[in-house]
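Coordinates from data_28.cif are shown below (mmCIF, C-alpha atoms and all ligand atoms).
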```
data_target
#
loop_
_atom_site.label_atom_id
_atom_site.label_comp_id
_atom_site.auth_asym_id
_atom_site.auth_seq_id
_atom_site.Cartn_x
_atom_site.Cartn_y
_atom_site.Cartn_z
CA MET A 1 12.76 -21.28 6.13
CA ALA A 2 10.11 -20.89 8.78
CA SER A 3 10.98 -22.85 11.89
CA PRO A 4 8.38 -25.48 12.72
CA ARG A 5 7.04 -23.48 15.64
CA LEU A 6 7.83 -20.07 17.04
CA LEU A 7 6.63 -18.74 20.40
CA ILE A 8 6.86 -14.99 20.97
CA ARG A 9 6.39 -14.67 24.71
CA ASP A 10 6.04 -11.98 27.38
CA LEU A 11 4.90 -9.29 24.97
CA ALA A 12 3.92 -6.03 26.67
CA GLN A 13 0.84 -5.96 24.43
CA LEU A 14 -0.65 -7.66 21.41
CA ALA A 15 -3.10 -5.62 19.31
CA SER A 16 -5.25 -6.85 16.44
CA PRO A 17 -8.38 -5.56 14.66
CA ALA A 18 -11.42 -7.27 16.17
CA GLY A 19 -13.62 -9.82 14.39
CA ARG A 20 -12.88 -11.71 11.19
CA ASP A 21 -14.70 -9.76 8.48
CA ALA A 22 -13.52 -7.09 6.07
CA PRO A 23 -13.54 -4.29 5.21
CA LEU A 24 -14.15 -2.63 8.57
CA ARG A 25 -16.28 0.53 8.55
CA GLY A 26 -17.67 3.12 10.94
CA SER A 27 -17.15 2.39 14.63
CA ARG A 28 -15.86 -1.11 13.82
CA LEU A 29 -12.81 0.39 12.11
CA GLY A 30 -11.55 1.52 15.50
CA THR A 31 -12.33 -1.69 17.42
CA VAL A 32 -9.01 -3.31 18.25
CA ASP A 33 -8.54 -6.20 20.65
CA VAL A 34 -5.62 -5.58 23.02
CA LEU A 35 -4.06 -8.27 25.19
CA GLU A 36 -1.61 -7.33 27.94
CA ASP A 37 1.31 -9.61 28.81
CA ALA A 38 0.68 -11.71 25.75
CA TYR A 39 2.06 -14.42 23.50
CA VAL A 40 1.77 -15.45 19.85
CA LEU A 41 2.41 -19.06 18.87
CA CYS A 42 3.17 -19.72 15.21
CA ASP A 43 3.13 -23.13 13.54
CA GLY A 44 5.10 -22.81 10.32
CA ASP A 45 3.62 -20.00 8.29
CA ARG A 46 0.33 -19.84 10.27
CA ILE A 47 -0.68 -18.45 13.65
CA GLU A 48 -1.66 -21.29 15.96
CA GLY A 49 -2.75 -19.21 18.91
CA VAL A 50 -2.61 -15.87 20.69
CA GLY A 51 -3.43 -15.13 24.30
CA ARG A 52 -2.28 -13.93 27.69
CA MET A 53 0.83 -15.47 29.20
CA ARG A 54 -1.08 -16.66 32.23
CA ASP A 55 -3.30 -18.75 29.92
CA LEU A 56 -0.41 -20.33 28.00
CA GLY A 57 -0.31 -24.04 28.68
CA PRO A 58 2.73 -26.26 28.14
CA VAL A 59 4.00 -26.06 24.56
CA ASP A 60 5.32 -29.44 23.52
CA GLY A 61 7.83 -30.32 20.87
CA ASP A 62 10.47 -28.31 19.08
CA VAL A 63 9.68 -24.62 19.69
CA GLU A 64 11.90 -21.63 19.09
CA GLU A 65 11.26 -18.90 21.64
CA LEU A 66 11.52 -15.18 21.10
CA ASP A 67 11.66 -12.85 24.11
CA GLY A 68 8.95 -10.23 23.64
CA ARG A 69 9.66 -8.25 26.80
CA GLY A 70 9.37 -4.52 26.07
CA LEU A 71 7.79 -5.19 22.70
CA CYS A 72 4.28 -5.08 21.26
CA ALA A 73 2.97 -7.30 18.46
CA ILE A 74 0.61 -6.06 15.75
CA PRO A 75 -0.37 -7.73 12.47
CA GLY A 76 2.31 -7.35 9.80
CA LEU A 77 1.64 -4.01 8.12
CA VAL A 78 0.12 -4.13 4.64
CA ASP A 79 1.05 -1.40 2.16
CA CYS A 80 -1.62 -1.60 -0.55
CA HIS A 81 -0.34 1.27 -2.75
CA THR A 82 3.30 1.72 -3.76
CA HIS A 83 5.28 2.52 -6.91
CA PRO A 84 8.66 0.84 -6.22
CA ALA A 85 9.69 -0.01 -9.82
CA PHE A 86 11.57 3.04 -11.03
CA GLY A 87 15.00 4.13 -12.15
CA GLY A 88 16.80 7.26 -10.98
CA ASP A 89 15.33 9.67 -8.46
CA ARG A 90 13.63 13.06 -8.34
CA VAL A 91 15.82 14.75 -5.73
CA GLU A 92 16.52 17.65 -8.11
CA GLU A 93 12.78 18.19 -8.59
CA PHE A 94 12.29 17.92 -4.82
CA ALA A 95 14.78 20.74 -4.31
CA LEU A 96 13.00 22.87 -6.96
CA ARG A 97 9.68 22.25 -5.25
CA ALA A 98 11.18 23.19 -1.91
CA GLY A 99 12.12 26.48 -3.62
CA GLY A 100 8.55 27.14 -4.71
CA ALA A 101 7.87 25.23 -7.98
CA SER A 102 4.65 23.21 -7.89
CA TYR A 103 4.32 19.48 -8.60
CA GLU A 104 1.72 20.25 -11.31
CA GLU A 105 4.00 22.82 -13.04
CA LEU A 106 6.90 20.36 -13.15
CA HIS A 107 4.58 17.65 -14.49
CA ALA A 108 3.22 19.96 -17.22
CA ALA A 109 6.79 20.92 -18.23
CA GLY A 110 7.68 17.29 -18.99
CA GLY A 111 9.36 16.66 -15.64
CA GLY A 112 7.51 14.71 -12.98
CA ILE A 113 6.33 11.24 -13.95
CA LEU A 114 7.81 11.47 -17.46
CA SER A 115 11.31 12.15 -16.15
CA THR A 116 11.06 8.92 -14.15
CA VAL A 117 9.78 7.14 -17.26
CA ARG A 118 12.99 8.15 -19.07
CA ALA A 119 15.18 6.95 -16.19
CA THR A 120 13.24 3.69 -15.83
CA ARG A 121 13.52 2.85 -19.52
CA GLU A 122 17.26 3.55 -19.37
CA ALA A 123 17.75 1.40 -16.26
CA GLY A 124 16.98 -1.94 -17.94
CA GLU A 125 15.53 -5.02 -16.26
CA GLU A 126 18.47 -5.92 -14.02
CA ARG A 127 18.78 -2.49 -12.42
CA LEU A 128 15.01 -2.31 -12.11
CA ARG A 129 15.07 -5.57 -10.18
CA GLU A 130 17.79 -4.21 -7.92
CA ALA A 131 15.76 -1.06 -7.31
CA VAL A 132 12.61 -2.98 -6.37
CA ALA A 133 14.58 -5.29 -4.06
CA ARG A 134 16.17 -2.27 -2.36
CA HIS A 135 12.84 -0.47 -1.96
CA SER A 136 11.07 -3.56 -0.63
CA GLY A 137 13.90 -3.94 1.91
CA TRP A 138 13.19 -0.40 3.11
CA MET A 139 9.50 -1.28 3.43
CA ARG A 140 10.22 -4.41 5.45
CA ARG A 141 12.51 -2.53 7.81
CA ALA A 142 9.65 -0.06 8.29
CA GLY A 143 7.41 -2.93 9.41
CA THR A 144 5.65 -3.83 6.16
CA THR A 145 5.19 -7.55 5.56
CA THR A 146 2.90 -7.42 2.48
CA TRP A 147 3.17 -4.79 -0.23
CA GLU A 148 1.56 -4.01 -3.53
CA GLY A 149 3.81 -2.61 -6.26
CA LYS A 150 2.71 -0.85 -9.42
CA SER A 151 4.31 -0.57 -12.80
CA GLY A 152 3.62 2.71 -14.59
CA TYR A 153 7.09 4.15 -15.20
CA GLY A 154 7.74 2.09 -18.33
CA LEU A 155 4.74 2.86 -20.52
CA ASP A 156 6.13 0.55 -23.17
CA CYS A 157 5.66 -3.19 -23.38
CA ASP A 158 9.13 -4.34 -22.36
CA THR A 159 9.55 -1.97 -19.44
CA GLU A 160 6.03 -2.42 -18.06
CA LEU A 161 6.39 -6.20 -18.08
CA ALA A 162 9.88 -5.97 -16.57
CA ALA A 163 8.48 -3.85 -13.74
CA LEU A 164 5.68 -6.34 -13.04
CA ARG A 165 8.14 -9.24 -13.01
CA ALA A 166 10.46 -7.32 -10.67
CA VAL A 167 7.59 -6.68 -8.23
CA ARG A 168 6.42 -10.30 -8.37
CA ASP A 169 9.93 -11.72 -7.95
CA ALA A 170 10.66 -9.46 -4.98
CA GLY A 171 7.55 -10.85 -3.25
CA GLY A 172 5.16 -7.99 -3.97
CA VAL A 173 1.61 -8.00 -5.30
CA PRO A 174 1.87 -6.61 -8.85
CA THR A 175 -0.55 -3.99 -10.19
CA TRP A 176 -0.40 -2.89 -13.82
CA LEU A 177 -0.53 0.92 -13.85
CA GLY A 178 -0.52 0.96 -17.64
CA ALA A 179 -2.42 4.25 -17.75
CA HIS A 180 -0.20 6.47 -15.58
CA ALA A 181 0.83 9.08 -18.17
CA VAL A 182 1.02 9.45 -21.94
CA PRO A 183 4.60 8.83 -23.07
CA PRO A 184 6.15 11.32 -25.54
CA GLU A 185 6.24 8.90 -28.49
CA ARG A 186 2.42 8.60 -28.53
CA ARG A 187 0.21 11.25 -30.16
CA ASP A 188 -2.33 11.48 -27.35
CA ALA A 189 -4.02 9.48 -24.60
CA ASP A 190 -6.38 7.68 -27.00
CA ALA A 191 -3.54 6.62 -29.29
CA TYR A 192 -1.55 5.43 -26.26
CA LEU A 193 -4.54 3.38 -25.04
CA ASP A 194 -4.88 1.82 -28.51
CA TYR A 195 -1.28 0.66 -28.08
CA VAL A 196 -1.33 -0.60 -24.49
CA LEU A 197 -4.62 -2.41 -24.73
CA ALA A 198 -3.50 -4.26 -27.86
CA GLU A 199 0.19 -4.80 -27.06
CA VAL A 200 0.67 -4.78 -23.27
CA LEU A 201 -2.59 -5.88 -21.63
CA PRO A 202 -2.49 -9.55 -22.74
CA ASP A 203 0.90 -10.15 -21.07
CA ALA A 204 0.33 -7.74 -18.17
CA ALA A 205 -2.85 -9.62 -17.27
CA GLN A 206 -0.75 -12.79 -16.79
CA LEU A 207 1.56 -11.04 -14.31
CA ALA A 208 -0.61 -8.55 -12.44
CA GLU A 209 -3.54 -9.00 -10.07
CA ALA A 210 -5.05 -5.56 -10.72
CA ALA A 211 -5.00 -2.68 -13.16
CA ASP A 212 -4.77 0.98 -12.13
CA VAL A 213 -5.29 4.30 -13.93
CA PHE A 214 -4.42 7.93 -13.12
CA LEU A 215 -7.75 9.69 -13.72
CA GLU A 216 -6.72 13.35 -13.69
CA GLN A 217 -6.51 16.45 -15.85
CA GLY A 218 -3.35 16.08 -17.90
CA ALA A 219 -3.40 12.27 -17.58
CA PHE A 220 -6.55 10.24 -18.48
CA ASP A 221 -10.14 11.51 -18.44
CA ALA A 222 -13.14 9.50 -17.24
CA ALA A 223 -14.00 8.12 -20.69
CA GLN A 224 -10.40 7.00 -21.27
CA ALA A 225 -10.19 5.52 -17.78
CA ARG A 226 -13.41 3.62 -18.41
CA ARG A 227 -12.06 2.19 -21.66
CA TYR A 228 -8.83 1.06 -20.00
CA LEU A 229 -10.53 -0.41 -16.93
CA GLU A 230 -13.25 -2.24 -18.85
CA ALA A 231 -10.61 -3.91 -21.02
CA ALA A 232 -8.56 -4.82 -17.94
CA ARG A 233 -11.60 -6.25 -16.20
CA ALA A 234 -12.43 -8.35 -19.26
CA ALA A 235 -8.88 -9.73 -19.04
CA GLY A 236 -9.53 -10.84 -15.46
CA LEU A 237 -7.85 -8.03 -13.52
CA ALA A 238 -9.23 -6.34 -10.41
CA LEU A 239 -9.58 -2.57 -10.76
CA ARG A 240 -7.99 0.36 -8.92
CA LEU A 241 -8.00 4.09 -9.67
CA HIS A 242 -5.88 7.10 -8.75
CA GLY A 243 -8.60 9.72 -8.37
CA ASP A 244 -9.48 13.13 -6.90
CA GLN A 245 -5.78 13.96 -6.32
CA PHE A 246 -5.75 17.42 -7.91
CA THR A 247 -9.29 17.69 -9.34
CA GLU A 248 -12.56 15.83 -8.90
CA SER A 249 -12.86 14.36 -12.40
CA GLY A 250 -15.34 11.54 -11.92
CA ALA A 251 -13.17 8.85 -10.33
CA ILE A 252 -15.56 7.87 -7.54
CA PRO A 253 -18.67 7.42 -9.73
CA LEU A 254 -16.61 5.41 -12.21
CA ALA A 255 -15.04 3.26 -9.49
CA VAL A 256 -18.46 2.53 -8.00
CA GLU A 257 -20.04 1.76 -11.37
CA LEU A 258 -17.26 -0.61 -12.40
CA GLY A 259 -16.98 -2.32 -9.02
CA ALA A 260 -13.37 -1.30 -8.47
CA ARG A 261 -11.49 -2.55 -5.42
CA SER A 262 -10.39 0.97 -4.52
CA VAL A 263 -10.09 4.60 -5.45
CA ASP A 264 -6.91 6.13 -4.08
CA HIS A 265 -5.80 9.68 -3.05
CA LEU A 266 -9.12 11.63 -2.61
CA GLU A 267 -7.40 14.89 -1.57
CA THR A 268 -10.07 16.92 -3.44
CA THR A 269 -13.11 14.73 -2.72
CA GLY A 270 -16.15 16.78 -1.73
CA GLY A 271 -19.37 15.95 0.13
CA GLY A 272 -21.02 14.18 -2.81
CA GLY A 273 -18.02 11.91 -3.27
CA VAL A 274 -17.98 11.06 0.43
CA VAL A 275 -21.64 10.01 0.31
CA ALA A 276 -21.20 8.01 -2.90
CA LEU A 277 -18.15 6.15 -1.59
CA ALA A 278 -19.84 5.41 1.74
CA ALA A 279 -22.78 3.82 -0.08
CA SER A 280 -20.47 1.52 -2.07
CA ASP A 281 -18.13 -1.44 -1.64
CA VAL A 282 -15.16 0.54 -3.00
CA VAL A 283 -12.38 1.24 -0.50
CA GLY A 284 -10.99 4.78 -0.31
CA VAL A 285 -7.21 4.45 0.01
CA LEU A 286 -5.81 7.52 1.77
CA LEU A 287 -2.20 8.56 1.21
CA PRO A 288 -1.36 11.31 3.69
CA ALA A 289 2.40 11.09 3.11
CA SER A 290 1.75 11.99 -0.53
CA ALA A 291 -0.46 14.95 0.41
CA LEU A 292 2.24 16.11 2.83
CA PHE A 293 5.09 15.61 0.35
CA VAL A 294 3.47 17.67 -2.42
CA GLY A 295 1.78 20.18 -0.13
CA ARG A 296 -1.76 19.18 -1.02
CA PRO A 297 -4.78 19.29 1.28
CA MET A 298 -5.34 16.16 3.33
CA PRO A 299 -8.18 13.84 2.21
CA PRO A 300 -11.48 14.07 4.16
CA ALA A 301 -10.72 10.98 6.23
CA ARG A 302 -12.90 11.78 9.23
CA ALA A 303 -15.92 12.55 7.04
CA LEU A 304 -15.39 9.32 5.11
CA VAL A 305 -15.18 7.15 8.22
CA ASP A 306 -18.09 8.90 9.91
CA ALA A 307 -20.23 8.47 6.77
CA GLY A 308 -19.50 4.72 6.82
CA ALA A 309 -17.00 4.49 3.95
CA ALA A 310 -14.38 1.74 4.03
CA ILE A 311 -10.92 3.33 4.08
CA ALA A 312 -7.37 2.03 3.97
CA LEU A 313 -4.05 3.80 4.51
CA ALA A 314 -0.95 3.37 2.35
CA THR A 315 2.36 5.15 1.68
CA ASP A 316 2.13 5.78 -2.11
CA PHE A 317 5.93 5.23 -2.04
CA ASN A 318 7.30 6.71 -5.29
CA PRO A 319 10.15 9.03 -6.32
CA GLY A 320 8.02 12.11 -7.05
CA SER A 321 5.01 12.60 -4.81
CA ALA A 322 5.85 10.43 -1.77
CA PHE A 323 9.44 9.28 -1.23
CA CYS A 324 8.31 7.55 1.96
CA GLU A 325 8.07 3.82 2.66
CA SER A 326 7.00 4.09 6.30
CA LEU A 327 3.52 2.98 7.30
CA PRO A 328 4.25 3.94 10.93
CA LEU A 329 4.85 7.50 9.72
CA VAL A 330 1.60 7.27 7.72
CA CYS A 331 -0.16 6.21 10.95
CA SER A 332 1.31 9.25 12.70
CA LEU A 333 0.00 11.47 9.90
CA ALA A 334 -3.36 9.71 10.11
CA ALA A 335 -3.59 10.57 13.82
CA THR A 336 -2.26 14.13 13.60
CA GLN A 337 -3.59 15.26 10.20
CA LEU A 338 -6.52 13.00 9.31
CA LYS A 339 -7.95 12.89 12.84
CA LEU A 340 -8.13 9.11 12.87
CA THR A 341 -7.52 7.29 16.14
CA PRO A 342 -4.48 4.98 16.38
CA ALA A 343 -6.93 2.05 16.35
CA GLU A 344 -8.58 3.26 13.14
CA ALA A 345 -5.15 3.76 11.57
CA LEU A 346 -4.07 0.24 12.54
CA SER A 347 -7.14 -1.38 10.96
CA ALA A 348 -6.73 0.79 7.87
CA CYS A 349 -3.19 -0.45 7.15
CA THR A 350 -3.78 -4.07 8.12
CA VAL A 351 -7.16 -5.70 7.57
CA ASN A 352 -8.63 -3.06 5.24
CA ALA A 353 -5.45 -2.82 3.18
CA ALA A 354 -5.47 -6.63 2.96
CA HIS A 355 -9.04 -6.42 1.66
CA VAL A 356 -7.91 -4.03 -1.11
CA LEU A 357 -5.40 -6.72 -2.11
CA GLY A 358 -8.02 -9.51 -1.93
CA ARG A 359 -6.27 -11.21 1.01
CA SER A 360 -8.21 -10.28 4.13
CA ASP A 361 -9.05 -13.92 4.82
CA ARG A 362 -5.35 -14.69 5.40
CA ILE A 363 -3.50 -11.52 6.44
CA GLY A 364 -4.15 -8.38 8.47
CA ARG A 365 -4.98 -9.91 11.86
CA LEU A 366 -3.25 -11.79 14.64
CA ALA A 367 -5.64 -14.67 15.16
CA PRO A 368 -5.53 -18.45 14.70
CA GLY A 369 -5.40 -19.51 11.07
CA TYR A 370 -4.05 -16.20 9.74
CA ALA A 371 -0.58 -15.94 8.23
CA ALA A 372 2.25 -15.70 10.75
CA ASP A 373 3.09 -12.17 9.55
CA ILE A 374 3.86 -10.03 12.60
CA THR A 375 5.32 -6.59 13.17
CA LEU A 376 7.07 -6.12 16.52
CA LEU A 377 7.12 -2.63 17.97
CA ASP A 378 9.84 -1.38 20.29
CA ALA A 379 7.28 0.14 22.63
CA PRO A 380 5.39 -0.48 25.89
CA ASP A 381 2.06 0.40 24.21
CA TRP A 382 1.05 -0.55 20.65
CA ARG A 383 -0.22 2.97 19.99
CA TYR A 384 3.41 4.10 19.73
CA LEU A 385 2.87 2.95 16.13
CA ALA A 386 1.24 6.36 15.55
CA TYR A 387 2.62 8.21 18.57
CA HIS A 388 6.36 7.88 17.88
CA LEU A 389 6.47 10.36 14.99
CA GLY A 390 9.28 9.33 12.67
CA GLY A 391 10.97 7.31 15.40
CA PRO A 392 12.56 3.84 15.28
CA VAL A 393 9.38 2.16 16.45
CA VAL A 394 9.78 -1.10 14.50
CA ALA A 395 11.85 -3.72 16.31
CA GLY A 396 11.50 -6.37 13.61
CA THR A 397 9.14 -8.45 11.54
CA ILE A 398 8.13 -12.08 11.19
CA VAL A 399 7.05 -13.14 7.69
CA ALA A 400 5.37 -16.52 7.21
CA GLY A 401 6.70 -17.56 10.61
CA ALA A 402 10.33 -16.60 9.86
CA ARG A 403 12.22 -13.81 11.67
CA GLN A 404 13.45 -11.20 9.26
CA ARG A 405 16.12 -9.52 11.40
O1 LIG B 501 0.25 8.29 -6.80
N1 LIG B 501 -0.63 10.43 -9.05
C1 LIG B 501 -0.02 9.75 -9.81
N2 LIG B 501 0.99 8.93 -9.55
C2 LIG B 501 1.81 8.95 -8.39
C3 LIG B 501 2.91 9.93 -8.47
C4 LIG B 501 3.91 9.50 -9.40
C5 LIG B 501 5.10 10.43 -9.52
O2 LIG B 501 5.06 11.63 -9.18
O3 LIG B 501 6.09 9.89 -10.01
C6 LIG B 501 1.01 9.16 -7.13
O4 LIG B 501 1.11 10.20 -6.47
FE FE B 502 0.10 6.37 -6.40
#
```
This structure in structure tokens:
Amino acid sequence: MASPRLLIRDLAQLASPAGRDAPLRGSRLGTVDVLEDAYVLCDGDRIEGVGRMRDLGPVDGDVEELDGRGLCAIPGLVDCHTHPAFGGDRVEEFALRAGGASYEELHAAGGGILSTVRATREAGEERLREAVARHSGWMRRAGTTTWEGKSGYGLDCDTELAALRAVRDAGGVPTWLGAHAVPPERRDADAYLDYVLAEVLPDAAQLAEAADVFLEQGAFDAAQARRYLEAARAAGLALRLHGDQFTESGAIPLAVELGARSVDHLETTGGGGVVALAASDVVGVLLPASALFVGRPMPPARALVDAGAAIALATDFNPGSAFCESLPLVCSLAATQLKLTPAEALSACTVNAAHVLGRSDRIGRLAPGYAADITLLDAPDWRYLAYHLGGPVVAGTIVAGARQR
């Protein structure tokens, strides 16, 4: 239970993306308000006020106090792209890749995503729930207070719906990744889509907020992705795409045409894609931990931001291409590999990620009226979020006004 009021006092710094609109683009992406020697006052699950200690008047009534000395407060981190609902692991494949095998070769040989589909089907609903709870605990300890979780390792009705329920019940935002791969029992992608759109979509649309598709050679082509997404949209779901990960196969034009919330990955996006995305309302979700983990080129983040595209950052947590739940590490990669400033990285995994999840009016900032979701950094300067590469930078989190540890 959230205590009635919580005062976090004597913070070294408080940092929050400026303004109240979303998504942030261009120079506004990197505009962060920083208060030194600061406080946050929460009333139940909402932020009542933020400011400098010297401006804090008397706080009446029953207030729990938290000593913020040596800590910085940032908005609770928002991970808008994860795949936490899976059985088994891919540590064997990881070792093979370390020895030289490529992610694409393993995928084509029936390993990769399909090996996790086998393990996820075998796990059953109870173990799937345990897995999602465990993975979401890792995310929270890494400073994440809101997370999206995709299905996509079931690819049959029972397992896809079990995955969506597991994400929802663990407190995540469920996305139906019904078109992730073609399972072995289906003849081809078209036959699989016949099945999922008739048998899975009606129930998935009751559980999920969005639908997602892997538009890629060897997965679903642009025509198949369009069919899947149009059906999902008609069922009331928001749209997301995995696109331009290994090949540019038309994901950005399709996302723009269909009014998708986001197109995610973009490791192979060229100049035309950058211009098209910048001229649209679609957010480019960049996943540098995934590019690092599979040895792919980094997405053209600087070009996207400079062209005026809205971008977000996420982990892509999954067992195959990004076994990484840490948004602070993603911020470090953003600064060192994507050439984003720490301020741009912060906005990208708070307010802009919240926008991808349709929640930027309530999360992603530390300002009155927003949710009392706060990540506390064990640091004298909030930019340690990106600076402390792989270090224990997260001191704790507050979710809906309640301390998590
Ligand atoms: O976002 N690209 C497709 N899907 C996941 C990887 C899934 C896996 O390898 O299990 C991704 O990278
Ligand atoms: Fe993904």
Next item on the list: May I have the residues within 10 Å of ligand FE 502 (chain B), computed using all atoms listed in the file, as a PyMOL selection string?
Entry: chain A and resi 81-83+149-150+152+177+180+212-214+241-243+245+264-265+285+287+290+314-318+320-322
Include C-alpha atoms and write out the residues we just selected as a CSV table (one decimal), in the coordinates of the input.
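So the final result, stored in again-v1.csv, reads:
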```
chain,number,residue,atom,x,y,z
A,81,HIS,CA,-0.3,1.3,-2.8
A,82,THR,CA,3.3,1.7,-3.8
A,83,HIS,CA,5.3,2.5,-6.9
A,149,GLY,CA,3.8,-2.6,-6.3
A,150,LYS,CA,2.7,-0.8,-9.4
A,152,GLY,CA,3.6,2.7,-14.6
A,177,LEU,CA,-0.5,0.9,-13.8
A,180,HIS,CA,-0.2,6.5,-15.6
A,212,ASP,CA,-4.8,1.0,-12.1
A,213,VAL,CA,-5.3,4.3,-13.9
A,214,PHE,CA,-4.4,7.9,-13.1
A,241,LEU,CA,-8.0,4.1,-9.7
A,242,HIS,CA,-5.9,7.1,-8.8
A,243,GLY,CA,-8.6,9.7,-8.4
A,245,GLN,CA,-5.8,14.0,-6.3
A,264,ASP,CA,-6.9,6.1,-4.1
A,265,HIS,CA,-5.8,9.7,-3.0
A,285,VAL,CA,-7.2,4.4,0.0
A,287,LEU,CA,-2.2,8.6,1.2
A,290,SER,CA,1.8,12.0,-0.5
A,314,ALA,CA,-1.0,3.4,2.4
A,315,THR,CA,2.4,5.2,1.7
A,316,ASP,CA,2.1,5.8,-2.1
A,317,PHE,CA,5.9,5.2,-2.0
A,318,ASN,CA,7.3,6.7,-5.3
A,320,GLY,CA,8.0,12.1,-7.0
A,321,SER,CA,5.0,12.6,-4.8
A,322,ALA,CA,5.8,10.4,-1.8
```
Could you work out an axis-aligned bounding box for all listed atoms of range 124-140 of chain A, with 4 Å added on each of the six sides, and give its centre and edge lengths in Å to one decimal, as lines of an AutoDock Vina configuration file?
```
center_x = 14.1
center_y = -3.2
center_z = -6.2
size_x = 17.3
size_y = 13.5
size_z = 31.4
```
Note to self: Between A:Ser115, A:Gln13, A:Thr120, A:Gln224, which residue has the minimum interatomic distance to Leu71 in chain A, considering only C-alpha atoms?
What the structure shows: A:Gln13
Notebook entry, point to check: In Å, how far is it from CA of Ala38 in chain A to CA of Glu325 in chain A?
Noted result: 28.8 Å
Check: Contacts of Arg134 in chain A at 12 Å or less, counting all atoms listed in the file, minus same-chain residues fewer than 3 places along, as a ChimeraX atom specification?
Finding: /A:84-87,127-131,137-141,166-167,170,325
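Proximity ranking of A:Val200, A:Ala348, A:Leu193, A:Ala208 relative to Ala225 in chain A places A:Leu193 first, based on only C-alpha atoms.
Counting only C-alpha atoms and all ligand atoms and comparing A:Leu389, A:Val294, A:Ala95, A:Leu6, the residue that lies closest to ligand LIG 501 (chain B) is A:Val294.
CA of Val173 in chain A lies 19.0 Å from CA of Gln404 in chain A.
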I'd like the contact shell of Ala303 in chain A - 10 Å cut-off, all atoms listed in the file, skipping same-chain residues fewer than 3 positions apart - returned as a compact mmCIF listing (two decimals) with C-alpha atoms, keeping the file's coordinate frame.
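Written out: part24.txt:
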```txt
# COMPACT_ATOMS: atom_id res chain seq x y z
CA GLY A 270 -16.15 16.78 -1.73
CA GLY A 271 -19.37 15.95 0.13
CA VAL A 274 -17.98 11.06 0.43
CA VAL A 275 -21.64 10.01 0.31
CA ALA A 278 -19.84 5.41 1.74
CA PRO A 299 -8.18 13.84 2.21
CA PRO A 300 -11.48 14.07 4.16
CA ASP A 306 -18.09 8.90 9.91
CA ALA A 307 -20.23 8.47 6.77
CA GLY A 308 -19.50 4.72 6.82
CA ALA A 309 -17.00 4.49 3.95
CA LEU A 338 -6.52 13.00 9.31
CA LYS A 339 -7.95 12.89 12.84
```
Checklist line | Ref. answer, residues at most 9 Å from (4.7, 4.0, 8.4) with only C-alpha atoms, as a PyMOL selection string | finding: chain A and resi 77+139+142-144+314-315+324-333+385-386+390
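Between ligand LIG 501 (chain B) and the residues A:Tyr39, A:Trp176, A:Tyr370, A:Phe293, the shortest atom-to-atom distance, using all atoms listed in the file, involves A:Phe293.
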